[in-house]
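Report on one structure; see the data block that follows.
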Amino acid sequence: MRNLGDEAVKEICEALMNRNSRVQELKLDRSNIQFEGARQIARMLGVNMTIRELHLYRNEIGPEGAMALSVALARNSTLEYLCLSNNNIGDEGAMAIAHVLEVNNAIKTLYLNSNKIGDQGAMAMATALTCGTGILKSLMLTHNEIGPEGARAIAKALKRHNATLEVLDLDNNNIGQRGAVAMAKVLETNHTLRELRLQSNNLGTKGTAILAKALEVNSALKLLRITYNNIDDKGAKTLAKALERNETLQSLSVYHNSIGDAGVIAIAEALERNGTLRDLWLQNNNIGDAGVLAFVKVLEHNETLRNLQLHGNRRIGDLGALAIADGLEANKTLTYLTLDYCSISSGLMNRIKHLIEETSRRRPPIVDLIRDNPNVSLLASA
């Protein structure tokens with residue numbers, strides 16, 4: 001439903017206040033909802049006992065609308081999924097929602113992306129994680145204005161108090177190296193966090209090295225995304241060392257960085273000993289044929305890697321592609337492989353596709369050179 005406006009939302013809410021309503025999911029994304037519409041939704045949530053999911057993506061409820069919703073959510077015991085992304089709620093609205101989390105015993109998944117939330121709002125969320133009911137499993141805070149102090153507050157909560165949060169998404173903030181230090185301390189001690197997303201946070205190679213060191217001892221994390229963070233070969237080598245020792249990580253995303261052949265060779269060598277990583281996202285780096293050649297042994301011997309993304313590495317040419325083809329003949333597990341937007345001749349690409357068709361007849365699953373598998377959550381609840 002789009003561009004409904006507050007009056008139409010009011011009518012919908014009045015219908016949902018009927019005790020005979022069985023609606024469990026309410027999607028009002030892009031509906032031009034402002035404060036009055038949010039107030040009507042809050043009024044409905046105070047009565048309705050069936051709604052489990054509420055989607056309010058890209059509206060304009062503002063901090064006042066978030067406050068109105070928070071009053072109702074303090075009493076509501078059925079809503080489990082709440083999306084308030086792109087609503088311009090700011091720190092004030094985030095603080096209101098955070099206060100609710102201290103008493104609410106139902107919300108498991110919360111999206112607050114793109115809301116101009118800064119350190120003050122992040123600190124309020126940290127308090128909720130510390131003092132709350134322990135129900136929240138997934139917290140999404142991407143594309144906000146959270147800096148090192150906000151990251152440190154959240155990290156402190158996860159390190160010392162919270163033992164229930166499984167997914168933390170801080171993509172596209174600005175936590176920097178100091179924030180990386182704080183998150184590393186979480187990885188060293190927390191046993192419940194399964195997914196950590198830190199894309200575009202100005203981590204750099206030093207911040208990456210700090211996180212990688214913590215990964216060596218972490219035994220819970222399954223997904224780490226540190227794309228768009230200016231990671232070079234030195235950073236990649238620290239990640240490689242972590243992969244040699246880590247026994248739980250299943251998905252590592254380091255695309256759109258500055259990783260070259262030396263870094264990817266180190267990662268490939270680590271995968272000869274790693275038995276858990278399933279998804280490796282290396283697209284749009286600075287990898288050439290020498291780096292790709294290192295993956296031949298991985299494809300021949302590694303039995304866990306399912307998804308290898310190499311597209312957009314324009315230094316990969318025919319030599320690297322031929323090596324990959326040789327490795328595929330012995331591989332029995334890879335599901336997705338991307339090599340598009342490299343420098344591979346069309347004739348060789350067609351030849352490799354033909355080879356893949358032949359090998360996929362002998363064993364499932366089918367390897368696809370072009371398909372780009374989306375980097376989705378590993379957890380169904382997220």
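Each chain of the structure tokens is named A, B, ... in the order shown, its residues numbered from 1; ligands are numbered from 1 in display order.
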Could you give me, as a list in words, the residues within 10 Å of A:Lys185, counting only C-alpha atoms and dropping anything in the same chain fewer than 3 positions from it?
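The contact residues come out as Arg152, Ala155, Lys156, Leu158, Lys159, Ala180, Val181, Ala182, Glu188, Thr189, Asn190, Ile210, Leu211 and Ala214 of chain A.
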Mind dumping the selected residues with N, CA and C atoms as a short mmCIF file (atom, residue, chain, number, x, y, z; two decimals), in the first residue's frame?
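Wrote out-v7.cif, looks like this:
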```cif
data_model
loop_
_atom_site.label_atom_id
_atom_site.label_comp_id
_atom_site.auth_asym_id
_atom_site.auth_seq_id
_atom_site.Cartn_x
_atom_site.Cartn_y
_atom_site.Cartn_z
N ARG A 152 30.60 1.92 21.30
CA ARG A 152 31.17 1.45 22.58
C ARG A 152 30.08 1.15 23.60
N ALA A 155 28.45 -2.11 22.55
CA ALA A 155 29.39 -3.20 22.80
C ALA A 155 29.48 -3.54 24.28
N LYS A 156 29.49 -2.52 25.11
CA LYS A 156 29.55 -2.76 26.56
C LYS A 156 28.35 -3.56 27.03
N LEU A 158 26.57 -5.65 25.23
CA LEU A 158 26.65 -7.02 24.73
C LEU A 158 27.75 -7.82 25.43
N LYS A 159 28.75 -7.13 25.89
CA LYS A 159 29.86 -7.82 26.55
C LYS A 159 29.52 -8.24 27.97
N ALA A 180 35.70 -0.39 16.36
CA ALA A 180 36.16 -1.75 16.08
C ALA A 180 36.76 -2.40 17.32
N VAL A 181 37.50 -1.62 18.08
CA VAL A 181 38.08 -2.15 19.33
C VAL A 181 36.97 -2.62 20.26
N ALA A 182 35.91 -1.83 20.36
CA ALA A 182 34.79 -2.18 21.24
C ALA A 182 34.10 -3.45 20.75
N GLU A 188 35.17 -11.39 21.68
CA GLU A 188 36.03 -12.19 22.56
C GLU A 188 35.25 -12.87 23.67
N THR A 189 34.11 -12.30 24.06
CA THR A 189 33.42 -12.81 25.25
C THR A 189 31.96 -13.23 25.01
N ASN A 190 31.28 -12.59 24.04
CA ASN A 190 29.86 -12.86 23.83
C ASN A 190 29.65 -14.19 23.13
N ILE A 210 42.08 -5.70 14.29
CA ILE A 210 41.58 -5.83 15.66
C ILE A 210 40.42 -6.82 15.72
N LEU A 211 39.49 -6.70 14.77
CA LEU A 211 38.37 -7.63 14.70
C LEU A 211 38.84 -9.04 14.39
N ALA A 214 40.12 -10.95 17.36
CA ALA A 214 39.03 -11.45 18.21
C ALA A 214 38.36 -12.67 17.59
#
```
Quick check for you: according to DSSP on this backbone, which residues of stretch 3-145 of chain A are classed as alpha helix (DSSP H)? Reply as a PDB file with C-alpha atoms, in the first residue's frame.
```pdb
ATOM      1  CA  GLY A   5      -2.193   9.105   3.949  1.00  0.00           C
ATOM      2  CA  ASP A   6      -3.298   9.443   7.552  1.00  0.00           C
ATOM      3  CA  GLU A   7      -7.048   9.373   6.873  1.00  0.00           C
ATOM      4  CA  ALA A   8      -6.925   6.039   5.046  1.00  0.00           C
ATOM      5  CA  VAL A   9      -4.656   4.627   7.763  1.00  0.00           C
ATOM      6  CA  LYS A  10      -7.212   5.701  10.354  1.00  0.00           C
ATOM      7  CA  GLU A  11      -9.913   3.663   8.594  1.00  0.00           C
ATOM      8  CA  ILE A  12      -7.639   0.623   8.440  1.00  0.00           C
ATOM      9  CA  CYS A  13      -6.833   0.912  12.125  1.00  0.00           C
ATOM     10  CA  GLU A  14     -10.486   1.199  13.072  1.00  0.00           C
ATOM     11  CA  ALA A  15     -11.181  -2.032  11.206  1.00  0.00           C
ATOM     12  CA  LEU A  16      -8.308  -3.758  12.986  1.00  0.00           C
ATOM     13  CA  PHE A  35       2.218  11.849  13.175  1.00  0.00           C
ATOM     14  CA  GLU A  36      -1.578  11.532  13.075  1.00  0.00           C
ATOM     15  CA  GLY A  37      -1.357   8.223  11.245  1.00  0.00           C
ATOM     16  CA  ALA A  38       1.189   6.970  13.758  1.00  0.00           C
ATOM     17  CA  ARG A  39      -1.136   8.024  16.565  1.00  0.00           C
ATOM     18  CA  GLN A  40      -3.970   5.997  15.025  1.00  0.00           C
ATOM     19  CA  ILE A  41      -1.696   2.967  14.679  1.00  0.00           C
ATOM     20  CA  ALA A  42      -0.702   3.340  18.314  1.00  0.00           C
ATOM     21  CA  ARG A  43      -4.351   3.505  19.309  1.00  0.00           C
ATOM     22  CA  MET A  44      -5.009   0.303  17.375  1.00  0.00           C
ATOM     23  CA  LEU A  45      -2.030  -1.489  18.940  1.00  0.00           C
ATOM     24  CA  GLY A  62       9.066  11.648  13.052  1.00  0.00           C
ATOM     25  CA  PRO A  63      10.065  11.553  16.727  1.00  0.00           C
ATOM     26  CA  GLU A  64       6.533  12.433  17.835  1.00  0.00           C
ATOM     27  CA  GLY A  65       5.114   9.444  15.967  1.00  0.00           C
ATOM     28  CA  ALA A  66       7.737   7.172  17.507  1.00  0.00           C
ATOM     29  CA  MET A  67       6.759   8.450  20.944  1.00  0.00           C
ATOM     30  CA  ALA A  68       3.098   7.749  20.276  1.00  0.00           C
ATOM     31  CA  LEU A  69       3.915   4.211  19.205  1.00  0.00           C
ATOM     32  CA  SER A  70       6.119   3.689  22.247  1.00  0.00           C
ATOM     33  CA  VAL A  71       3.246   4.361  24.631  1.00  0.00           C
ATOM     34  CA  ALA A  72       1.156   1.644  22.993  1.00  0.00           C
ATOM     35  CA  LEU A  73       4.052  -0.791  22.706  1.00  0.00           C
ATOM     36  CA  GLY A  90      16.186  10.853  15.201  1.00  0.00           C
ATOM     37  CA  ASP A  91      17.711  10.368  18.627  1.00  0.00           C
ATOM     38  CA  GLU A  92      14.539  11.485  20.374  1.00  0.00           C
ATOM     39  CA  GLY A  93      12.417   8.837  18.679  1.00  0.00           C
ATOM     40  CA  ALA A  94      15.088   6.177  19.152  1.00  0.00           C
ATOM     41  CA  MET A  95      15.200   6.943  22.858  1.00  0.00           C
ATOM     42  CA  ALA A  96      11.431   6.512  23.101  1.00  0.00           C
ATOM     43  CA  ILE A  97      11.571   3.132  21.358  1.00  0.00           C
ATOM     44  CA  ALA A  98      14.549   2.078  23.480  1.00  0.00           C
ATOM     45  CA  HIS A  99      12.642   2.910  26.645  1.00  0.00           C
ATOM     46  CA  VAL A 100       9.865   0.570  25.490  1.00  0.00           C
ATOM     47  CA  LEU A 101      12.352  -2.265  25.022  1.00  0.00           C
ATOM     48  CA  ASP A 119      25.376   8.301  19.598  1.00  0.00           C
ATOM     49  CA  GLN A 120      22.658   9.457  22.001  1.00  0.00           C
ATOM     50  CA  GLY A 121      20.095   7.153  20.424  1.00  0.00           C
ATOM     51  CA  ALA A 122      22.622   4.312  20.293  1.00  0.00           C
ATOM     52  CA  MET A 123      23.366   4.765  23.995  1.00  0.00           C
ATOM     53  CA  ALA A 124      19.657   4.518  24.750  1.00  0.00           C
ATOM     54  CA  MET A 125      19.550   1.267  22.785  1.00  0.00           C
ATOM     55  CA  ALA A 126      22.506   0.046  24.816  1.00  0.00           C
ATOM     56  CA  THR A 127      20.599   0.748  28.017  1.00  0.00           C
ATOM     57  CA  ALA A 128      17.666  -1.239  26.661  1.00  0.00           C
ATOM     58  CA  LEU A 129      19.991  -4.139  25.847  1.00  0.00           C
ATOM     59  CA  THR A 130      21.352  -3.941  29.373  1.00  0.00           C
ATOM     60  CA  CYS A 131      18.155  -3.493  31.358  1.00  0.00           C
TER      61      CYS A 131
END
```
Among listed residues A:Glu80, A:Asp318, A:Glu247, A:Asp29, nearest A:Gly275 (using only C-alpha atoms)
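Under the stated criterion, the closest residue is A:Glu247.
Remark: for A:Gly176, the closest of the candidate residues A:Leu203, A:Ile287, A:Leu139, A:Ala106 is A:Leu203 (distances computed over only C-alpha atoms).
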Calculate how many Å separate atom CA of A:Thr248 from atom CA of A:Leu112, rounding to one decimal.
28.2 Å
So that I can see what lies close to A:Lys234, please list as a PyMOL selection string the residues with an atom at most 10 Å from it, counting only C-alpha atoms and leaving out residues fewer than 2 positions away in the same chain.
chain A and resi 205-206+208-209+231-232+236-240+259-260+262-263+266
Just list as a ChimeraX atom specification whatever in stretch 104-336 of chain A DSSP marks as strand (DSSP E).
/A:109-111,138-140,167-169,195-197,223-225,251-253,279-281,307-309,336
From the list A:Asp289, A:Glu60, A:Asp340, A:Asp279, which residue is nearest A:Asn115 when using only C-alpha atoms?
A:Glu60
Between atom CA of A:Leu334 and atom CA of A:Ala270, what is the distance in Å, rounded to a tenth?
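Between atom CA of A:Leu334 and atom CA of A:Ala270 the gap works out to 17.2 Å.
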How many Å separate atom CA of A:Ile154 from atom CA of A:Val217?
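Computing it gives 20.5 Å between the two atoms.
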Of the residues A:Tyr255, A:Gly207, A:Ile265, A:Leu168, which is the one nearest to A:Leu223, using only C-alpha atoms?
A:Leu168
Which residue out of A:Lys332, A:Lys213, A:Arg178, A:Arg22 has the minimum interatomic distance to A:Ala151 when only C-alpha atoms are used?
A:Arg178
